[in-house]
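start10.tsv, holding TSV, C-alpha atoms:
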```tsv
chain	number	residue	atom	x	y	z
A	1	MET	CA	71.64	68.73	143.83
A	2	THR	CA	71.13	66.64	140.69
A	3	ASP	CA	68.36	64.20	140.06
A	4	SER	CA	69.42	61.10	138.20
A	5	ALA	CA	66.85	59.00	136.43
A	6	PRO	CA	66.75	55.30	137.31
A	7	ALA	CA	68.36	52.99	134.79
A	8	SER	CA	65.83	51.68	132.29
A	9	THR	CA	65.31	47.94	132.23
A	10	GLU	CA	62.78	48.09	129.40
A	11	LEU	CA	63.38	45.40	126.80
A	12	GLY	CA	61.46	47.13	124.04
A	13	ALA	CA	60.45	44.59	121.40
A	14	MET	CA	61.16	41.08	120.14
A	15	SER	CA	61.40	40.19	116.48
A	16	ILE	CA	60.42	36.76	115.19
A	17	ALA	CA	64.12	35.76	115.32
A	18	GLU	CA	64.29	36.65	119.03
A	19	ILE	CA	61.01	34.84	119.72
A	20	LEU	CA	62.41	31.71	118.05
A	21	LYS	CA	65.45	31.91	120.35
A	22	SER	CA	63.22	32.22	123.43
A	23	LEU	CA	60.45	29.70	122.71
A	24	PRO	CA	60.69	26.06	121.61
A	25	HIS	CA	57.53	26.41	119.45
A	26	ARG	CA	57.82	26.24	115.66
A	27	TYR	CA	55.49	26.54	112.68
A	28	PRO	CA	52.62	25.77	112.60
A	29	PHE	CA	52.33	26.06	116.38
A	30	LEU	CA	54.17	29.33	116.94
A	31	MET	CA	51.24	31.72	117.39
A	32	ILE	CA	52.96	35.12	117.61
A	33	ASP	CA	54.78	37.11	114.93
A	34	LYS	CA	56.41	39.76	117.12
A	35	ILE	CA	56.17	41.33	120.56
A	36	ILE	CA	56.11	45.08	121.18
A	37	LYS	CA	55.91	47.41	124.17
A	38	ILE	CA	57.81	45.04	126.47
A	39	ASP	CA	58.40	46.32	130.00
A	40	ARG	CA	60.62	43.69	131.64
A	41	ASP	CA	58.40	40.72	132.58
A	42	GLU	CA	55.62	43.10	133.66
A	43	THR	CA	53.72	43.89	130.45
A	44	ALA	CA	53.91	43.34	126.70
A	45	VAL	CA	51.84	43.20	123.53
A	46	GLY	CA	52.19	40.18	121.26
A	47	ILE	CA	51.11	40.47	117.64
A	48	LYS	CA	49.52	37.77	115.45
A	49	ASN	CA	48.67	38.52	111.83
A	50	VAL	CA	45.96	36.04	110.91
A	51	THR	CA	46.09	34.91	107.27
A	52	PHE	CA	43.85	32.65	105.23
A	53	ASN	CA	46.89	30.49	104.38
A	54	GLU	CA	47.15	29.10	107.91
A	55	PRO	CA	46.66	25.33	108.02
A	56	ILE	CA	44.02	25.57	110.75
A	57	PHE	CA	41.54	27.09	108.29
A	58	GLN	CA	41.47	23.92	106.19
A	59	GLY	CA	39.22	22.46	108.88
A	60	HIS	CA	38.09	25.40	111.08
A	61	PHE	CA	35.98	26.28	109.06
A	62	PRO	CA	36.72	26.37	105.31
A	63	GLU	CA	33.53	28.22	104.35
A	64	SER	CA	33.67	30.64	107.29
A	65	PRO	CA	37.20	30.64	108.77
A	66	ILE	CA	37.44	31.38	112.50
A	67	PHE	CA	40.72	31.41	114.41
A	68	PRO	CA	40.21	28.88	117.26
A	69	GLY	CA	39.79	30.22	120.79
A	70	VAL	CA	42.21	27.64	122.20
A	71	LEU	CA	44.91	28.98	119.87
A	72	ILE	CA	44.17	32.51	121.07
A	73	ILE	CA	44.79	31.27	124.64
A	74	GLU	CA	48.00	29.57	123.45
A	75	ALA	CA	49.17	32.83	121.83
A	76	MET	CA	48.53	34.67	125.10
A	77	ALA	CA	50.66	32.09	126.93
A	78	GLN	CA	53.41	32.26	124.29
A	79	THR	CA	53.56	36.05	124.61
A	80	ALA	CA	53.90	35.84	128.40
A	81	GLY	CA	56.41	32.99	128.12
A	82	ALA	CA	58.63	34.80	125.64
A	83	ILE	CA	58.97	37.95	127.76
A	84	VAL	CA	59.64	35.90	130.91
A	85	ILE	CA	62.36	33.89	129.16
A	86	LYS	CA	63.95	37.05	127.73
A	87	HIS	CA	63.82	38.80	131.11
A	88	ASP	CA	65.14	35.84	133.10
A	89	SER	CA	67.91	34.98	130.63
A	90	ALA	CA	69.35	38.50	130.43
A	91	GLY	CA	73.05	38.09	131.26
A	92	SER	CA	72.73	34.32	131.74
A	93	ASP	CA	73.60	31.23	129.72
A	94	ARG	CA	70.81	29.26	131.40
A	95	LYS	CA	68.12	27.99	129.00
A	96	ASN	CA	64.57	27.84	130.38
A	97	ILE	CA	61.17	26.94	129.01
A	98	VAL	CA	57.71	27.92	130.21
A	99	LEU	CA	54.94	25.39	130.81
A	100	MET	CA	51.29	26.40	131.07
A	101	LEU	CA	49.79	25.31	134.40
A	102	GLY	CA	46.33	26.77	134.16
A	103	VAL	CA	43.82	28.98	132.43
A	104	ASP	CA	41.20	30.79	134.48
A	105	LYS	CA	38.41	33.24	133.74
A	106	ALA	CA	38.60	32.57	129.99
A	107	LYS	CA	35.97	34.41	127.97
A	108	PHE	CA	35.57	34.56	124.20
A	109	ARG	CA	33.66	37.62	123.03
A	110	LYS	CA	34.06	37.81	119.24
A	111	PRO	CA	35.69	35.65	116.57
A	112	ALA	CA	38.88	36.51	114.71
A	113	GLY	CA	39.63	35.45	111.19
A	114	PRO	CA	41.80	36.03	108.13
A	115	GLY	CA	42.86	39.64	107.75
A	116	ASP	CA	42.70	40.37	111.48
A	117	THR	CA	45.69	41.48	113.52
A	118	ILE	CA	45.31	40.18	117.06
A	119	GLU	CA	47.11	42.04	119.84
A	120	PHE	CA	47.77	39.98	122.98
A	121	HIS	CA	48.01	42.41	125.90
A	122	ILE	CA	49.78	40.69	128.79
A	123	ALA	CA	50.17	42.04	132.35
A	124	LYS	CA	51.84	40.23	135.23
A	125	ILE	CA	49.52	39.70	138.19
A	126	GLN	CA	52.16	38.08	140.37
A	127	ARG	CA	55.23	35.93	140.23
A	128	ARG	CA	56.73	33.81	142.96
A	129	ARG	CA	60.01	32.14	142.10
A	130	ASN	CA	59.30	30.04	139.03
A	131	VAL	CA	55.48	30.38	138.87
A	132	GLY	CA	53.82	33.39	137.30
A	133	ARG	CA	50.24	34.51	136.80
A	134	TYR	CA	49.32	36.83	133.93
A	135	GLU	CA	46.22	38.72	132.85
A	136	ALA	CA	45.76	38.48	129.10
A	137	LYS	CA	43.46	40.17	126.60
A	138	ALA	CA	43.19	39.54	122.87
A	139	ILE	CA	42.23	42.69	121.01
A	140	VAL	CA	41.29	43.26	117.35
A	141	ASP	CA	40.77	46.82	116.09
A	142	GLY	CA	40.42	48.11	119.66
A	143	THR	CA	37.79	45.52	120.65
A	144	VAL	CA	38.48	42.83	123.25
A	145	ILE	CA	37.72	39.50	121.59
A	146	ALA	CA	39.00	37.20	124.37
A	147	GLU	CA	40.49	37.36	127.85
A	148	ALA	CA	41.92	34.96	130.40
A	149	GLU	CA	44.31	34.58	133.31
A	150	ILE	CA	47.26	32.34	132.49
A	151	THR	CA	49.38	30.55	135.10
A	152	ALA	CA	52.74	29.18	134.02
A	153	MET	CA	55.87	27.59	135.47
A	154	ILE	CA	59.42	28.35	134.33
A	155	ILE	CA	61.69	25.30	134.32
A	156	GLU	CA	65.21	24.60	133.14
A	157	ALA	CA	65.24	23.14	129.65
A	158	SER	CA	66.70	19.67	129.36
A	159	ALA	CA	69.86	19.45	127.30
```
Representation of the structure as C-alpha coordinates:
Amino acid sequence: MTDSAPASTELGAMSIAEILKSLPHRYPFLMIDKIIKIDRDETAVGIKNVTFNEPIFQGHFPESPIFPGVLIIEAMAQTAGAIVIKHDSAGSDRKNIVLMLGVDKAKFRKPAGPGDTIEFHIAKIQRRRNVGRYEAKAIVDGTVIAEAEITAMIIEASA
(Lines of atoms letter the chains of each structure in order from A and count residues from 1; the text may use other names and numbers.)
(Lines give C-alpha, C1' and ligand atoms only; values in the text may rest on other atoms or scores of the structure.)
Protein backbone atom coordinates (compact mmCIF):
# COMPACT_ATOMS: atom_id res chain seq x y z
CA MET A 1 0.00 0.00 0.00
CA THR A 2 1.40 3.41 -0.94
CA ASP A 3 0.42 6.72 0.53
CA SER A 4 0.26 9.53 -1.96
CA ALA A 5 0.43 13.10 -0.77
CA PRO A 6 -2.38 15.42 -1.88
CA ALA A 7 -1.51 17.77 -4.70
CA SER A 8 -0.32 21.12 -3.40
CA THR A 9 -2.39 24.13 -4.34
CA GLU A 10 -0.09 26.58 -2.55
CA LEU A 11 0.58 29.68 -4.61
CA GLY A 12 3.74 30.66 -2.79
CA ALA A 13 4.45 34.36 -3.34
CA MET A 14 3.55 37.31 -5.55
CA SER A 15 6.09 39.80 -6.83
CA ILE A 16 5.19 43.42 -7.48
CA ALA A 17 4.70 42.54 -11.17
CA GLU A 18 2.14 39.86 -10.25
CA ILE A 19 0.39 42.21 -7.83
CA LEU A 20 0.09 44.81 -10.60
CA LYS A 21 -1.55 42.18 -12.82
CA SER A 22 -4.03 41.26 -10.06
CA LEU A 23 -4.99 44.67 -8.63
CA PRO A 24 -6.11 47.84 -10.43
CA HIS A 25 -4.28 50.04 -7.87
CA ARG A 26 -1.23 52.04 -8.95
CA TYR A 27 1.28 54.36 -7.32
CA PRO A 28 0.78 56.18 -5.03
CA PHE A 29 -2.21 54.10 -3.90
CA LEU A 30 -0.74 50.61 -4.24
CA MET A 31 0.08 49.85 -0.60
CA ILE A 32 1.90 46.50 -0.85
CA ASP A 33 5.32 45.67 -2.29
CA LYS A 34 5.07 41.87 -2.33
CA ILE A 35 3.10 39.00 -0.85
CA ILE A 36 4.69 35.93 0.73
CA LYS A 37 3.52 32.72 2.38
CA ILE A 38 0.38 32.46 0.22
CA ASP A 39 -1.79 29.41 0.87
CA ARG A 40 -4.52 29.56 -1.79
CA ASP A 41 -7.07 32.18 -0.70
CA GLU A 42 -6.76 31.03 2.93
CA THR A 43 -3.75 32.93 4.30
CA ALA A 44 -0.96 35.23 3.17
CA VAL A 45 1.48 37.87 4.37
CA GLY A 46 1.68 41.16 2.47
CA ILE A 47 4.78 43.31 2.83
CA LYS A 48 5.00 47.12 2.83
CA ASN A 49 8.37 48.83 3.16
CA VAL A 50 7.61 52.29 4.51
CA THR A 51 9.99 54.98 3.24
CA PHE A 52 10.29 58.67 4.02
CA ASN A 53 9.93 59.43 0.29
CA GLU A 54 6.25 58.49 0.24
CA PRO A 55 4.02 61.43 -0.70
CA ILE A 56 1.76 60.92 2.32
CA PHE A 57 4.53 62.14 4.65
CA GLN A 58 4.49 65.62 3.11
CA GLY A 59 1.33 66.23 5.14
CA HIS A 60 1.10 63.37 7.70
CA PHE A 61 3.16 64.66 9.53
CA PRO A 62 6.35 66.27 8.15
CA GLU A 63 8.03 66.74 11.54
CA SER A 64 6.96 63.34 12.91
CA PRO A 65 5.91 61.08 10.00
CA ILE A 66 3.26 58.47 10.80
CA PHE A 67 1.86 56.06 8.23
CA PRO A 68 -1.94 56.65 8.32
CA GLY A 69 -4.13 53.98 9.89
CA VAL A 70 -6.63 54.12 7.02
CA LEU A 71 -3.81 53.22 4.61
CA ILE A 72 -2.86 50.29 6.83
CA ILE A 73 -6.48 49.08 6.52
CA GLU A 74 -6.28 49.61 2.74
CA ALA A 75 -3.06 47.56 2.57
CA MET A 76 -4.77 44.75 4.49
CA ALA A 77 -7.62 44.79 1.97
CA GLN A 78 -5.21 44.90 -0.99
CA THR A 79 -3.34 41.87 0.35
CA ALA A 80 -6.57 39.89 0.73
CA GLY A 81 -7.82 41.09 -2.67
CA ALA A 82 -4.64 40.12 -4.50
CA ILE A 83 -4.61 36.54 -3.21
CA VAL A 84 -8.33 36.10 -3.95
CA ILE A 85 -7.88 37.37 -7.52
CA LYS A 86 -4.84 35.12 -8.07
CA HIS A 87 -6.66 32.10 -6.62
CA ASP A 88 -9.90 32.69 -8.53
CA SER A 89 -8.21 33.46 -11.85
CA ALA A 90 -5.99 30.35 -11.88
CA GLY A 91 -6.73 28.67 -15.22
CA SER A 92 -9.25 31.34 -16.24
CA ASP A 93 -9.27 34.32 -18.58
CA ARG A 94 -11.91 36.06 -16.45
CA LYS A 95 -10.77 39.39 -14.97
CA ASN A 96 -12.17 40.27 -11.54
CA ILE A 97 -11.71 43.08 -9.07
CA VAL A 98 -12.32 43.18 -5.32
CA LEU A 99 -14.37 45.90 -3.64
CA MET A 100 -14.20 46.55 0.09
CA LEU A 101 -17.64 46.24 1.71
CA GLY A 102 -16.79 46.74 5.34
CA VAL A 103 -14.24 47.07 8.10
CA ASP A 104 -15.06 45.75 11.56
CA LYS A 105 -13.20 45.51 14.86
CA ALA A 106 -10.47 47.90 13.68
CA LYS A 107 -7.90 48.71 16.35
CA PHE A 108 -4.72 50.75 16.02
CA ARG A 109 -2.14 49.91 18.66
CA LYS A 110 1.13 51.59 17.61
CA PRO A 111 2.20 53.91 14.79
CA ALA A 112 4.38 52.91 11.85
CA GLY A 113 6.73 55.24 10.08
CA PRO A 114 9.69 55.51 7.72
CA GLY A 115 12.09 52.59 8.03
CA ASP A 116 9.40 50.15 9.19
CA THR A 117 8.48 47.00 7.30
CA ILE A 118 4.81 46.26 7.86
CA GLU A 119 3.64 42.67 7.49
CA PHE A 120 -0.07 42.26 6.74
CA HIS A 121 -1.11 38.82 8.02
CA ILE A 122 -4.38 37.82 6.34
CA ALA A 123 -6.54 34.79 7.20
CA LYS A 124 -9.86 33.91 5.59
CA ILE A 125 -12.71 33.72 8.09
CA GLN A 126 -15.29 32.65 5.53
CA ARG A 127 -16.23 33.02 1.91
CA ARG A 128 -19.60 32.53 0.30
CA ARG A 129 -19.67 32.84 -3.47
CA ASN A 130 -18.34 36.30 -4.21
CA VAL A 131 -18.21 37.74 -0.67
CA GLY A 132 -15.31 37.04 1.66
CA ARG A 133 -14.44 37.98 5.22
CA TYR A 134 -10.81 38.17 6.35
CA GLU A 135 -9.01 38.64 9.65
CA ALA A 136 -6.07 40.99 9.22
CA LYS A 137 -3.17 42.02 11.44
CA ALA A 138 -0.45 44.57 10.71
CA ILE A 139 2.81 43.62 12.38
CA VAL A 140 6.10 45.52 12.71
CA ASP A 141 9.12 43.77 14.27
CA GLY A 142 6.88 41.09 15.78
CA THR A 143 4.47 43.58 17.39
CA VAL A 144 0.85 43.91 16.27
CA ILE A 145 0.31 47.56 15.39
CA ALA A 146 -3.21 47.26 13.93
CA GLU A 147 -5.92 44.69 13.33
CA ALA A 148 -9.31 44.51 11.65
CA GLU A 149 -11.81 42.26 9.92
CA ILE A 150 -12.24 43.11 6.25
CA THR A 151 -15.30 42.17 4.18
CA ALA A 152 -15.01 42.33 0.41
CA MET A 153 -16.94 41.43 -2.74
CA ILE A 154 -15.40 39.98 -5.89
CA ILE A 155 -16.99 41.28 -9.09
CA GLU A 156 -16.23 40.94 -12.77
CA ALA A 157 -14.17 43.84 -14.04
CA SER A 158 -15.80 45.95 -16.72
CA ALA A 159 -14.06 45.86 -20.08
Point (57.8, 27.3, 128.9), cut-off 10 Å, counting only C-alpha atoms, residues as a PDB file with C-alpha atoms, in the coordinates of the input:
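point_11.pdb, freshly written:
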```pdb
ATOM      1  CA  SER A  22      63.220  32.220 123.430  1.00  0.00           C
ATOM      2  CA  LEU A  23      60.450  29.700 122.710  1.00  0.00           C
ATOM      3  CA  PRO A  24      60.690  26.060 121.610  1.00  0.00           C
ATOM      4  CA  HIS A  25      57.530  26.410 119.450  1.00  0.00           C
ATOM      5  CA  ALA A  77      50.660  32.090 126.930  1.00  0.00           C
ATOM      6  CA  GLN A  78      53.410  32.260 124.290  1.00  0.00           C
ATOM      7  CA  ALA A  80      53.900  35.840 128.400  1.00  0.00           C
ATOM      8  CA  GLY A  81      56.410  32.990 128.120  1.00  0.00           C
ATOM      9  CA  ALA A  82      58.630  34.800 125.640  1.00  0.00           C
ATOM     10  CA  VAL A  84      59.640  35.900 130.910  1.00  0.00           C
ATOM     11  CA  ILE A  85      62.360  33.890 129.160  1.00  0.00           C
ATOM     12  CA  ASN A  96      64.570  27.840 130.380  1.00  0.00           C
ATOM     13  CA  ILE A  97      61.170  26.940 129.010  1.00  0.00           C
ATOM     14  CA  VAL A  98      57.710  27.920 130.210  1.00  0.00           C
ATOM     15  CA  LEU A  99      54.940  25.390 130.810  1.00  0.00           C
ATOM     16  CA  MET A 100      51.290  26.400 131.070  1.00  0.00           C
ATOM     17  CA  LEU A 101      49.790  25.310 134.400  1.00  0.00           C
ATOM     18  CA  ALA A 152      52.740  29.180 134.020  1.00  0.00           C
ATOM     19  CA  MET A 153      55.870  27.590 135.470  1.00  0.00           C
ATOM     20  CA  ILE A 154      59.420  28.350 134.330  1.00  0.00           C
ATOM     21  CA  ILE A 155      61.690  25.300 134.320  1.00  0.00           C
ATOM     22  CA  GLU A 156      65.210  24.600 133.140  1.00  0.00           C
ATOM     23  CA  ALA A 157      65.240  23.140 129.650  1.00  0.00           C
TER      24      ALA A 157
END
```
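Rounded to one decimal, CA of Ala148 (chain A) and CA of Arg94 (chain A) lie 29.5 Å from each other.
When all atoms listed in the file are used to measure the gap to Ile16 (chain A), the shortest distance among A:Thr79, A:Phe120, A:Thr43, A:Phe61 belongs to A:Thr79.
Separating CA of Asn130 (chain A) from CA of Lys95 (chain A) is a distance of 13.5 Å.
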Of the listed residues A:Val45, A:Ala106, A:Ala90, A:Ile118, that which approaches Ile73 (chain A) most closely, counting all atoms listed in the file: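 Smallest distance to Ile73 (chain A) is found for A:Ala106.
Between CA of Glu147 (chain A) and CA of Arg109 (chain A) there is a distance of 8.4 Å.
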Using all atoms listed in the file: which of A:Gly91, A:Pro111, A:Gly142, A:Gly12 has the shortest distance to Leu71 (chain A):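 Among the listed residues, the smallest separation from Leu71 (chain A) belongs to A:Pro111.
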